[in-house]
Structure formats: C-alpha cells, structure tokens
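Asks: My questions all concern the structure below.
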Amino acid sequence: MVEVRLENLKKYFNKGKVKAVDGIDLTIKDGEFLVLLGPSGCGKTTTLRMISGLELPTDGKIYFGDRDVTYLPPKDRNISMVFQSYAVWPHMKVYENIAFPLKIKKFPKDEIDKRVKWAAELLQIEELLDRYPAQLSGGQRQRVAVARAIVVEPDVLLMDEPLSNLDAKLRVAMRAEIKKLQTKLKVTTVYVTHDQVEAMTMGDRIAVMNQGKLLQVGPPTEVYLKPNSIFVATFIGAPEMNLLEVSVKEKENSIILEGEGFEIPLPSDFKELLENYTDKTVVFGIRPEHMTIEGVSSLEHVKRSTTIEGTVDFIEALGTDTIVHANIGSGHVIKVKLPGHIPLEVRSKVRIVIDLDNIHVFDKNTGKAII
Amino acid sequence: MKWKSFLPYFLILPALAYLVFFIAYPLTQSFILIFKESDIQVLKVLTDRNFLMALKYTLALAVAIIPIQVALALILAVIMNKGFKGRDLALYALIIPLIISDVAGGLIWYSILAPYGFLNKVLINIGILDSPIYFFGYQFRNMEFLAIVLAELWRLTAPVFVMILAGLQMISKDYIEAAEVFGATYWIKLRRIIFPLLKPTLQTVLLIRTIWSMQIFGIVWVLAGRDIPVLAGEAYYQMTELKNYGVASIYVLVIATLSILLGALYLKFLKAEYLEVKT
Amino acid sequence: MSEEIKRKLKQTIFYTLIFIVVSWVLIPLIISALYAFASSSEYYNPNRIIPHSFTVSHIKTVLITLGALKGIKNSILVALLTITISFILGVPAGYSLAKFVFPLRDSIKLSIVGLKVFPLAIMAVPLVKLYIRLRLIDTLLGVALAHTVIALPYVIFITSSIFVGIPKEYEEAAMVFGLTRFGSFLRITLPLALPGLAAAAMFTFVMSWNEVFMAAVLTLHNRTLPAQILSLLAGATGGATPAYYKFAAAFIMILPAMLFVFFARKYLITMWGISLK
C-alpha cells in the first residue's frame with residue numbers, strides 16, 4: 001500500500017535515437033487504480049516495466065513511498081504483476097503457481113495454504129488447484145495469473161493489458177471483477193491498456209500517453225469532457241470527436257468560426273477566450289453526443305446552443321442509438337449521436353444544435369486546447 | 001479426379017521406398033544370416049574377449065564423456081543465453097567444432113597431445129615436466145583413453161550446446177520475468193523455472209548423444225587404433241580386414257540393439273508429467 | 001564492497017570465462033594448423049612451441065604422394081551426389097508431409113523422426129552384401145546412396161518445417177490466378193523456401209564430407225577423404241606415420257568445410273538447432 005512517484009522518467013534506446021519514454025512525471029496515489037492509456041508504442045508498457053524493475057530507466061527516478069527503487073531488481077520491490085500472456089508456468093500445477101511468490105518469501109506452509117485458498121476463492125478457481133495450466137482455458141489461466149498476483153499482498157500491483165487476449169464477452173466480465181477486487185484489496189494498481197473503454201470503466205484516474213510523453217492525467221470524466229489536446233480528445237470516446245478546421249472571424253457582437261462551406265456562430269462571451277486567434281485557423285471539436293437535431297430529438301438539457309445546417313448523408317442505426325452523418329458544407333461530414341431510433345431520411349435537410357457548454361477549440365499547430 | 005487424392009502418397013513414396021530398401025532389407029538380411037548360423041556361433045562371438053572388451057570400452061567412453069559434456073554444454077548454454085557484448089562472435093567460435101569430423105578431431109588433438117605436441121612442449125618449457133607425457137602407444141592405453149575423452153569433449157560439446165541453447169531459447173521470456181517479479185533470485189530461477197522447462201530438451205539431447213556414442217569409431221581409430229577396441233571399430237576391422245561379414249554383422253546388431261534399449265530407457269525415465277496431461 | 005565494484009568484478013569473471021571457453025575451442029585449431037605448416041626441424045625442436053619457419057611440403061606430400069587430392073575430389077563428388085539424390089527424394093516428401101493431411105501421416109512422421117535417432121551409419125555393414133550384388137561396392141555412387149540414407153530423414157524433416165512455414169494462402173492465391181499446383185510450387189513456394197533449402201544442403205554437405213564409417217566400409221580404392229586418411233594415417237598400419245603428415249591431413253580435412261561454413265554461418269545455428277530436435 002504505497003504511493004508511487006515517477007520523476008522525469010526516461011527510457012531511450014539506440015543511443016538516444018529512440019525515445020520510448022521521454023520524461024514522465026506522475027504520482028499514483030496510495031490505493032489508487034491508475035490506468036496508463038495510449039496507442040501501441042506510446043511507452044506505456046515500457047513505463048510499467050520500469051516501475052516493475054524489469055527494465056532500468058535511462059534517467060529519472062521512481063519512488064515507492066519514501067524508498068528510491070529506481071535501480072532495485074524486481075524481487076526487492078515487493079510488487080506483483082499480471083502479464084499480457086499470463087506467464088502461468090506450465091510445469092507447475094495451479095496451486096504451485098499461486099503458491100510460488102509465498103514460497104519464495106519463505107512463508108510457513110499453513111499460511112501458504114490459507115492464502116492460496118483465499119486467492120483461489122476470490123477468483124473462483126478453487127476446483128482448478130490441482131490441474132496443470134495446459135488443461136485450462138485462456139480465461140481460467142488469466143484468473144490464475146491474477147490470483148498469483150494478489151496472494152502476496154504487494155505494495156504495488158502491475159497489470160500489462162491482462163484482458164487483451166480474452167474474447168469480448170469474457171473481457172467485459174473480467175473488467176468488473178478486477179475492479180471490484182482492487183477496490184476490496186485497496187492495493188495501489190497501475191494498469192496498462194490501449195482500450196479506452198477499459199480505461200474509462202476501470203480507472204480512478206487515467207494517464208493518457210503518446211510517443212513517450214504523458215499528455216493528460218485525470219479522472220475519466222475529466223479526461224473525457226475536458227481533454228487538453230486533440231490527441232486525447234480523439235483517442236477517448238467512440239465514435240470519435242468531430243474535428244473541423246475553421247478560422248476565427250470577429251463580428252460586432254459575435255464570433256464566427258468560418259469553415260469551408262459552413263459557419264458556426266458563437267455568442268460574444270467567446271470573444272475573450274479566442275482573442276489571440278482572430279483571423280487565424282483553429283480546430284473546432286464537438287463530440288457526437290453533444291449535438292442534437294431540431295425537430296427530431298429533445299433539446300431540453302442543452303443550456304446554450306448554436307445551430308448549423310446540414311444534409312443527411314448516411315444513417316447508422318445501432319438499435320440503442322443512431323448516428324447521423326450530416327454534410328454541413330463542401331463535403332465536411334460530422335457525426336451526430338442521438339438516442340433511440342431516428343426516422344430521418346438520407347438527403348433531408350436538418351438543423352443541428354450544438355451544445356456550447358461542450359465545445360472544444362484546439363490550436364492548430366500545438367494541438368492544445370484553447371477552450 | 002480420383003488420382004489427386006493419392007498425390008501425397010506419390011510424393012512421399014520414393015523416399016519411403018528408398019529408406020525401406022536401404023535399411024529394412026539389409027537389416028533383415030543380417031538377421032536371417034545370424035539366425036542361420038547356429039546359436040553357438042553367435043554365442044561364441046558375444047563371449048569372445050574382443051567383443052567384451054569392445055563393449056566395455058564403448059560403454060566406458062560414454063560414461064566418461066557424456067555426463068561431463070552435458071553439464072558443460074548446459075552451463076555454456078545458460079551463459080550464452082544472456083546477451084552481452086561480443087556474444088555473436090563468441091557463439092561463432094563455439095560452433096566451429098560442429099563441422100569437424102571425428103577423424104579430423106582426432107588428428108587435431110594429436111597435435112596437442114603428441115610427444116612433440118603443444119601440451120608437452122608448453123609444460124616442459126615452463127618447467128613443470130622434465131620429459132613428455134606419452135598419450136599414445138599400446139603401453140599407454142589408459143592415456144589413450146584419456147586422449148579420446150579430451151578430444152570428444154572438445155569436439156562434441158558444440159552440437160550438444162547448440163541443442164540445449166535452442167531449447168533454452170524456446171522458453172518464453174515471460175515465464176522467467178514472472179519469476180523475477182515474484183521474488184526469485186538467479187538460482188531459484190534456474191532451479192525452479194528454467195531447468196524443469198528444459199527437461200524435454202535434455203531428454204532428447206541425452207538420447208541423441210548416447211546413440212552417437214554407441215557408434216564411436218573414427219576418433220578412437222585415429223588416436224588409439226585397436227588399442228582401445230570399440231564396437232564400431234571392431235565391426236570395421238572384422239569387415240574390412242578379416243572379411244568376416246557374419247561377425248561384423250553381429251557387432252552391428254549389438255550396436256543397434258543397445259541404441260534402441262537405451263532410447264527406450266531414456267524415454268521412460270525422463271518423462272515430464274506436465275507434457276503428458278490431456279489438455 | 002560497493003555495488004559498483006561487485007558488478008565490475010562479476011563482469012570481469014564473466015568475460016574471463018568466455019575468453020577461456022573460446023580459447024579452448026580455438027587453440028587446438030590454431031595449433032594444428034600451425035603444426036601442419038611447420039617444417040619438421042621446427043616441430044621436433046623441443047624448445048620451439050610456436051614454429052618459426054614454415055613449409056608447405058607436408059601438405060603437398062599428403063595431397064599428392066599420399067593421394068589426398070583424389071580423396072578430396074571423391075568427397076566433393078559424393079557430397080554433391082548425396083545432396084542431389086536426397087533432395088530429389090526428400091523435398092517432395094517434405095512437401096507432402098507439410099501440406100497434406102492424410103491417414104498414416106503421423107506414423108510416417110514419427111518413424112522418420114525415429115530414424116534420426118537410429119544409428120544409421122552402421123548400416124554400411126549389412127549393405128555390403130547388397131552392394132556386391134548390385135555392383136555398387138567401391139563406387140562413389142554407392143557411398144552417395146549410403147549417405148543419402150543418413151541425409152534423407154534430415155532433409156525430409158527440415159524441408160517439411162520450411163514448407164509448413166509458408167502459408168498455404170500464397171499457393172492458393174497463385175492457383176486462383178491460373179497456376180497449377182506444381183506451377184505455384186515452382187514459382188511461389190520454392191523461391192520462398194530457398195534459404196531454408198540452402199541450409200539443408202549445407203547440412204547435408206558437411207555430413208557427407210565428414211562421414212567416415214560408411215565410406216570406409218563400402219570402398220577400397222575409390223575412397224573419400226576421411227576414409228582415405230583413416231587407412232593412411234590411423235589404425236594399426238597408419239599409426240606410425242610421421243606426426244606432421246597427420247597435422248597436414250587434419251588441415252586439409254577442415255579447410256574446405258570451414259570455408260564453406262564461413263560463407264553460410266548465419267544459417268548454421270538455427271538449422272542445426274531445428275534439425276537436431
């Protein structure tokens with residue numbers, strides 16, 4: 001049960017040419033479930049492996065509480081890890097697999113037995129204790145890996161995409177189980193994944209990474225509703241946030257975001273926020289669910305809005321929701337997500353209502369959020 | 001087209017027919033020949049002093065060489081499995097003996113162990129010895145035995161090493177990292193994870209190496225001639241010098257039988273339980 | 001002792017060990033090569049560990065007077081023949097095992113793997129009677145045929161593994177676009193399999209070049225190099241030959257193989273490891 005602190009953590013390969021992890025500062029609170037989220041190659045697994053000690057950093061420090069563990073071998077860090085491949089040893093029975101960490105730490109025999117049975121019960125694999133891993137399914141082996149990780153009560157629990165090799169249904173079930181388990185045990189957990197749904201449903205906080213850098217850290221709702229960059233905004237959320245390149249044009253009492261073939265009018269209070277960008281190009285972003293269509297869907301929850309016109313291009317009827325693809329001008333198509341079944345026809349003209357409390361404007365060059 | 005379904009058989013038939021013809025046919029011929037000669041003849045050969053000596057020395061060489069060799073190869077493989085600077089160069093050097101035949105190997109070691117060979121010259125010049133150690137010649141039979149052991153340790157550790165290294169590299173890195181994470185020291189990793197997972201490889205390696213050793217010939221012939229009789233050497237001698245086809249065949253069949261017996265023994269006693277369970 | 005010093009010490013010990021092991025392999029080779037070229041006075045001089053004056057006369061004698069050159073020619077011929085025959089027989093067999101599923105497949109596979117473990121070289125003795133009848137005795141073809149018996153299981157096994165590694169979709173795509181199965185084998189599979197086949201050929205060459213028992217039993221006059229050296233320089237009669245001829249012979253035997261392998265070293269380890277499984 002410790003706080004994990006990463007200070008300016010770096011991992012370079014190939015004499016500095018490959019910057020896998022490029023200066024990460026992150027504090028993971030005691031008992032927190034922190035998700036490291038990012039695309040393949042962003043450095044999240046490398047960061048995890050440095051926390052574990054399986055890789056040593058090129059620069060920077062790692063602290064567990066007050067202890068500087070930066071260069072300690074894994075066995076001295078009091079950690080546990082669940083590998084993506086589970087790494088359940090094939091030549092040992094399930095019982096011996098789970099008991100291994102305890103045996104290494106020289107626990108007395110009856111204590112080992114007690115704990116193994118406790119972990120097995122938590123993961124519902126009591127009947128499998130006498131089997132060999134080859135006799136188990138992938139999902140069962142994964143549970144063995146988790147049981148083995150919790151049995152020794154580590155200071156930090158590390159998980160490297162443990163669910164990615166499971167089929168979809170099992171994944172959803174295990175997500176909830178792992179989160180419940182962690183809440184119960186209150187162990188500081190660092191969880192690596194590229195699946196943003198996993199991150200959103202499981203994390204107390206999400207740390208979004210790309211190209212070795214930490215882009216944003218915060219609770220799921222914050223990262224979702226207030227992304228600080230285009231990357232974070234588009235990586236999280238499906239369907240993706242709509243992005244449109246516009247230039248900021250000032251009018252007497254309002255501001256207009258002028259795009260190619262369309263215009264988004266904004267009320268005057270946005271003038272101040274955008275004052276440095278007059279006549280410059282920015283990127284406007286709005287999530288599909290933060291828009292509605294006049295006359296077709298309810299508008300009550302939207303406090304402030306603006307409207308643009310479009311022609312329906314394509315409709316995805318998903319059953320629970322409908323995604324309307326609307327051409328707002330010169331081929332720019334945005335997606336609007338509406339609940340339920342929407343009786344619209346292709347080529348019909350619609351007025352799209354944009355919720356102004358949830359718009360985003362990003363700097364075109366840096367990608368950082370302005371609004 | 002019906003004949004299409006016979007295509008796999010057509011493709012494999014020539015090779016199979018070849019092997020049957022060149023192996024099964026002569027082998028059966030030998031068997032028949034042996035059984036045609038009265039049992040007393042066969043018994044005479046099997047109790048002949050020459051034969052018993054050949055059997056003794058063949059087995060003795062195997063016992064002297066194989067355990068050390070496998071242990072050596074195992075240590076080498078574990079060391080070479082780590083990455084380190086210059087590893088590739090070292091690896092290339094270590095595998096050179098793979099292409100050296102037993103005859104060449106014997107001749108090479110002659111240059112080391114001969115009276116005017118490297119070893120003697122070095123030891124004399126340093127002052128440890130006054131006169132050379134004699135490794136060769138009938139009266140130095142025990143030294144000849146030692147020479148053979150040294151030469152074979154030098155020559156055949158390479159293929160054994162390569163086989164073990166291949167097996168070692170097949171062990172998924174994850175298994176070892178998981179052990180590290182859960183607190184295993186280097187020795188625990190070796191003992192509880194790597195070694196058990198290496199057992200199937202070791203079984204194969206021991207099997208192959210033992211069967212090779214039953215056929216040991218060229219290196220003995222080069223370093224000791226018939227001073228150290230071995231089964232294959234005696235077979236060769238009976239066949240080419242004494243033109244005694246029948247006796248040679250008996251020797252050959254003994255080698256074959258020994259190999260099969262030892263093979264069966266290894267398979268029985270080195271089984272890994274975790275590979276046998278029904279998945 | 002500080003961590004840093006401990007680490008450096010471990011490293012030094014480690015590299016020393018590596019150095020010792022590598023020297024242990026290389027020194028006998030270097031010594032025998034040096035002695036092969038040492039003039040006899042240098043060799044018999046007890047104070048000269050490393051010879052200073054060299055000569056090629058020993059090599060020449062072994063090659064020409066003792067006929068090793070002919071032995072080399074014979075060995076090369078036999079090796080090439082062996083490769084040819086074992087490939088003609090083995091490649092289709094490997095292909096069959098890799099690409100088709102048929103009853104008996106597993107038992108055939110098992111028996112071929114079993115053959116690798118069987119002492120095949122000693123088959124030479126039972127073969128003699130057959131060879132006399134077929135008039136193959138003391139012929140290079142005879143030796144090549146015998147070597148093929150040893151080589152076949154390996155060739156079948158290696159080529160089978162190689163072909164398994166080539167996805168059948170590649171061939172199927174070619175067949176969809178108009179090639180016959182044989183055509184797609186020639187134009188698609190074979191080129192992709194070439195590196196592996198080259199390694200198998202190299203393995204077979206080395207095996208045949210070094211093989212001595214069969215060659216010695218099945219021939220009298222047309223001997224391959226190892227068989228010839230064996231009768232010249234070893235055994236009861238040969239044991240008394242001067243030492244430097246032995247070293248020259250060793251050098252002659254190793255050089256071609258070393259050159260051959262040097263040019264294909266990348267394949268050696270992987271192929272040897274796979275084929276000996």
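Chain labels A, B, ... are given in the sequence in which chains occur in the structure tokens; within each chain residues are numbered consecutively from 1, and ligands are likewise numbered from 1 in the order shown.
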Enumerate the residues of stretch 91-333 of chain A with a DSSP assignment of strand (DSSP E or B), computed from the backbone, and present them as an MDAnalysis selection string.
Replies: chainID A and resid 156:160 188:193 205:210 213:218 229 242:250 255:259 262:266 278 281:286 291:293 305:317 321:329 332:333
Asks: As a PyMOL selection string, which residues of stretch 18-236 of chain B does DSSP assign to alpha helix (DSSP H)?
Replies: chain B and resi 18-19+25-36+39-47+49-81+87-94+102-113+118-126+141-170+173-181+186-188+195-214+218-224+231-236
Asks: Put those residues in a file: C-alpha atoms, as a short mmCIF file (atom, residue, chain, number, x, y, z; two decimals), in the first residue's frame.
Replies:
```cif
data_model
loop_
_atom_site.label_atom_id
_atom_site.label_comp_id
_atom_site.auth_asym_id
_atom_site.auth_seq_id
_atom_site.Cartn_x
_atom_site.Cartn_y
_atom_site.Cartn_z
CA TYR B 18 14.30 -45.82 -50.63
CA LEU B 19 14.60 -45.97 -46.87
CA TYR B 25 16.15 -55.02 -46.43
CA PRO B 26 19.82 -55.27 -45.42
CA LEU B 27 18.86 -55.38 -41.77
CA THR B 28 16.54 -58.30 -42.29
CA GLN B 29 19.21 -59.99 -44.37
CA SER B 30 21.60 -59.67 -41.47
CA PHE B 31 19.09 -61.06 -39.05
CA ILE B 32 18.45 -64.03 -41.28
CA LEU B 33 22.16 -64.58 -41.67
CA ILE B 34 22.70 -64.50 -37.94
CA PHE B 35 19.95 -66.93 -37.23
CA LYS B 36 21.15 -69.24 -39.95
CA ASP B 39 23.38 -70.26 -31.90
CA ILE B 40 26.69 -71.47 -30.65
CA GLN B 41 28.48 -69.31 -33.22
CA VAL B 42 26.68 -66.19 -32.12
CA LEU B 43 27.34 -67.00 -28.52
CA LYS B 44 31.00 -67.53 -29.28
CA VAL B 45 31.26 -64.03 -30.66
CA LEU B 46 29.34 -62.50 -27.81
CA THR B 47 31.55 -64.12 -25.21
CA ARG B 49 37.23 -61.49 -25.22
CA ASN B 50 37.49 -58.95 -28.01
CA PHE B 51 33.79 -58.35 -28.05
CA LEU B 52 33.52 -57.94 -24.30
CA MET B 53 36.42 -55.51 -24.29
CA ALA B 54 34.85 -53.53 -27.12
CA LEU B 55 31.56 -53.43 -25.25
CA LYS B 56 33.29 -52.39 -22.07
CA TYR B 57 35.25 -49.60 -23.69
CA THR B 58 32.32 -48.28 -25.69
CA LEU B 59 30.23 -48.01 -22.56
CA ALA B 60 33.15 -46.69 -20.52
CA LEU B 61 33.78 -43.91 -23.00
CA ALA B 62 30.11 -42.99 -22.96
CA VAL B 63 30.04 -42.86 -19.18
CA ALA B 64 33.24 -40.87 -19.04
CA ILE B 65 32.26 -38.33 -21.63
CA ILE B 66 28.52 -37.77 -21.66
CA PRO B 67 27.77 -36.55 -18.13
CA ILE B 68 30.62 -34.04 -18.19
CA GLN B 69 29.76 -32.99 -21.69
CA VAL B 70 26.08 -32.38 -20.99
CA ALA B 71 26.89 -30.46 -17.82
CA LEU B 72 29.45 -28.36 -19.68
CA ALA B 73 27.06 -27.70 -22.54
CA LEU B 74 24.31 -26.78 -20.10
CA ILE B 75 26.49 -24.23 -18.32
CA LEU B 76 27.66 -22.82 -21.65
CA ALA B 77 24.11 -22.55 -22.94
CA VAL B 78 22.92 -20.72 -19.83
CA ILE B 79 25.84 -18.32 -20.06
CA MET B 80 25.45 -17.74 -23.79
CA ASN B 81 21.74 -17.20 -23.47
CA ARG B 87 28.22 -12.65 -27.82
CA ASP B 88 27.78 -13.31 -31.52
CA LEU B 89 31.50 -13.62 -32.09
CA ALA B 90 31.84 -15.98 -29.17
CA LEU B 91 28.93 -18.01 -30.50
CA TYR B 92 30.52 -18.40 -33.92
CA ALA B 93 33.72 -19.59 -32.30
CA LEU B 94 31.89 -22.10 -30.13
CA ASP B 102 35.80 -37.33 -35.82
CA VAL B 103 38.88 -38.17 -37.88
CA ALA B 104 39.91 -34.52 -38.13
CA GLY B 105 39.18 -34.03 -34.45
CA GLY B 106 41.43 -36.91 -33.54
CA LEU B 107 44.24 -35.62 -35.72
CA ILE B 108 43.91 -32.12 -34.26
CA TRP B 109 44.21 -33.45 -30.73
CA TYR B 110 47.17 -35.47 -31.79
CA SER B 111 48.90 -32.18 -32.41
CA ILE B 112 48.20 -31.19 -28.82
CA LEU B 113 48.96 -34.46 -27.08
CA PHE B 118 51.72 -28.39 -27.89
CA LEU B 119 50.86 -29.55 -24.40
CA ASN B 120 54.10 -31.35 -23.78
CA LYS B 121 56.20 -28.58 -25.23
CA VAL B 122 54.47 -25.96 -23.09
CA LEU B 123 54.73 -27.98 -19.89
CA ILE B 124 58.38 -28.85 -20.49
CA ASN B 125 59.33 -25.32 -21.33
CA ILE B 126 57.61 -23.91 -18.26
CA ARG B 141 46.37 -47.45 -23.14
CA ASN B 142 44.92 -45.55 -20.24
CA MET B 143 46.37 -42.31 -21.52
CA GLU B 144 44.89 -43.11 -24.91
CA PHE B 145 41.54 -43.41 -23.21
CA LEU B 146 42.07 -40.01 -21.65
CA ALA B 147 43.10 -38.56 -25.01
CA ILE B 148 39.88 -39.82 -26.59
CA VAL B 149 37.83 -38.37 -23.76
CA LEU B 150 39.52 -34.98 -24.11
CA ALA B 151 39.16 -34.91 -27.86
CA GLU B 152 35.50 -35.88 -27.81
CA LEU B 153 34.75 -33.40 -25.04
CA TRP B 154 36.28 -30.75 -27.24
CA ARG B 155 34.56 -31.81 -30.42
CA LEU B 156 31.06 -32.88 -29.49
CA THR B 157 30.22 -30.36 -26.79
CA ALA B 158 29.38 -27.94 -29.61
CA PRO B 159 26.34 -29.77 -31.06
CA VAL B 160 25.10 -30.64 -27.58
CA PHE B 161 25.48 -26.99 -26.63
CA VAL B 162 23.58 -25.86 -29.73
CA MET B 163 20.71 -28.25 -29.00
CA ILE B 164 20.43 -27.12 -25.39
CA LEU B 165 20.70 -23.46 -26.39
CA ALA B 166 17.88 -23.93 -28.90
CA GLY B 167 15.76 -25.49 -26.19
CA LEU B 168 16.64 -22.72 -23.77
CA GLN B 169 15.62 -20.04 -26.22
CA MET B 170 12.27 -21.70 -26.66
CA LYS B 173 10.88 -14.87 -21.62
CA ASP B 174 7.62 -14.14 -19.81
CA TYR B 175 8.00 -17.21 -17.62
CA ILE B 176 11.35 -16.00 -16.42
CA GLU B 177 10.25 -12.39 -15.94
CA ALA B 178 7.25 -13.51 -13.93
CA ALA B 179 9.60 -15.41 -11.63
CA GLU B 180 11.76 -12.30 -11.27
CA VAL B 181 8.78 -10.15 -10.40
CA TYR B 186 19.05 -16.16 -10.12
CA TRP B 187 19.47 -19.66 -8.66
CA ILE B 188 15.80 -20.09 -7.91
CA PHE B 195 15.62 -26.38 -15.55
CA PRO B 196 12.19 -28.03 -15.33
CA LEU B 197 11.15 -26.42 -18.61
CA LEU B 198 14.39 -27.64 -20.15
CA LYS B 199 13.78 -31.27 -19.26
CA PRO B 200 12.22 -32.29 -22.58
CA THR B 201 15.20 -30.81 -24.42
CA LEU B 202 17.64 -32.57 -22.11
CA GLN B 203 15.87 -35.83 -22.68
CA THR B 204 16.28 -35.51 -26.43
CA VAL B 205 19.86 -34.36 -26.11
CA LEU B 206 20.88 -37.25 -23.86
CA LEU B 207 19.16 -39.70 -26.15
CA ILE B 208 20.85 -38.47 -29.30
CA ARG B 209 24.24 -38.13 -27.68
CA THR B 210 24.13 -41.62 -26.20
CA ILE B 211 23.21 -43.18 -29.51
CA TRP B 212 26.06 -41.34 -31.17
CA SER B 213 28.41 -42.68 -28.56
CA MET B 214 27.43 -46.25 -29.31
CA GLY B 218 36.89 -42.53 -36.22
CA ILE B 219 38.32 -40.71 -33.25
CA VAL B 220 39.24 -43.90 -31.47
CA TRP B 221 40.79 -45.33 -34.61
CA VAL B 222 42.91 -42.22 -35.12
CA LEU B 223 44.10 -41.81 -31.55
CA ALA B 224 44.36 -45.38 -30.39
CA LEU B 231 32.07 -51.88 -31.09
CA ALA B 232 32.03 -49.96 -34.37
CA GLY B 233 35.80 -50.21 -34.69
CA GLU B 234 35.72 -53.96 -34.28
CA ALA B 235 32.89 -54.19 -36.78
CA TYR B 236 35.02 -52.25 -39.26
#
```
Asks: Report as a PyMOL selection string all protein, DNA and RNA residues lying within 9 Å of stretch 76-78 of chain A, evaluated on only C-alpha atoms, omitting residues in the same chain fewer than 6 positions from it.
Replies: (chain A and resi 52-53+64+69+152-156) or (chain B and resi 181-183)
Asks: Write the residues of the selection above to a file with N, CA and C atoms, as an mmCIF file, in the first residue's frame.
Replies:
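Below is the file selection16.cif, written as the result:
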```
data_model
loop_
_atom_site.group_PDB
_atom_site.id
_atom_site.type_symbol
_atom_site.label_atom_id
_atom_site.label_comp_id
_atom_site.auth_asym_id
_atom_site.auth_seq_id
_atom_site.Cartn_x
_atom_site.Cartn_y
_atom_site.Cartn_z
ATOM 1 N N SER A 52 8.311 -1.907 -12.596
ATOM 2 C CA SER A 52 8.494 -3.252 -12.080
ATOM 3 C C SER A 52 9.943 -3.576 -11.839
ATOM 4 N N GLY A 53 10.834 -2.895 -12.536
ATOM 5 C CA GLY A 53 12.250 -3.214 -12.406
ATOM 6 C C GLY A 53 12.750 -4.153 -13.478
ATOM 7 N N PHE A 64 8.776 4.385 -4.305
ATOM 8 C CA PHE A 64 7.630 3.738 -3.664
ATOM 9 C C PHE A 64 7.570 4.327 -2.262
ATOM 10 N N VAL A 69 13.394 3.284 -5.479
ATOM 11 C CA VAL A 69 13.515 1.924 -6.011
ATOM 12 C C VAL A 69 14.053 1.901 -7.425
ATOM 13 N N VAL A 152 0.297 -12.359 -2.382
ATOM 14 C CA VAL A 152 1.398 -11.973 -1.500
ATOM 15 C C VAL A 152 1.222 -10.563 -0.946
ATOM 16 N N GLU A 153 0.091 -9.946 -1.202
ATOM 17 C CA GLU A 153 -0.202 -8.590 -0.737
ATOM 18 C C GLU A 153 0.926 -7.619 -1.076
ATOM 19 N N PRO A 154 1.077 -7.321 -2.353
ATOM 20 C CA PRO A 154 2.194 -6.477 -2.787
ATOM 21 C C PRO A 154 1.957 -5.009 -2.442
ATOM 22 N N ASP A 155 3.039 -4.241 -2.474
ATOM 23 C CA ASP A 155 2.901 -2.795 -2.329
ATOM 24 C C ASP A 155 2.262 -2.204 -3.562
ATOM 25 N N VAL A 156 2.674 -2.700 -4.719
ATOM 26 C CA VAL A 156 2.139 -2.196 -5.984
ATOM 27 C C VAL A 156 1.744 -3.383 -6.846
ATOM 28 N N VAL B 181 9.698 -11.070 -11.061
ATOM 29 C CA VAL B 181 8.776 -10.154 -10.400
ATOM 30 C C VAL B 181 8.368 -10.696 -9.044
ATOM 31 N N PHE B 182 8.146 -12.014 -8.970
ATOM 32 C CA PHE B 182 7.662 -12.585 -7.721
ATOM 33 C C PHE B 182 8.770 -12.948 -6.762
ATOM 34 N N GLY B 183 9.952 -12.446 -6.996
ATOM 35 C CA GLY B 183 10.968 -12.535 -5.961
ATOM 36 C C GLY B 183 12.066 -13.560 -6.173
#
```
Asks: Would you mind listing what lies within 8 Å of B:Pro8 as a ChimeraX atom specification, with only C-alpha atoms counted and same-chain residues fewer than 5 positions away left out?
Replies: /C:96-97,100,102
Asks: Between atom CA of A:Val353 and atom CA of A:Ile255, what is the spacing in Å?
Replies: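 According to the coordinates, atom CA of A:Ile255 and atom CA of A:Val353 are separated by 16.9 Å.
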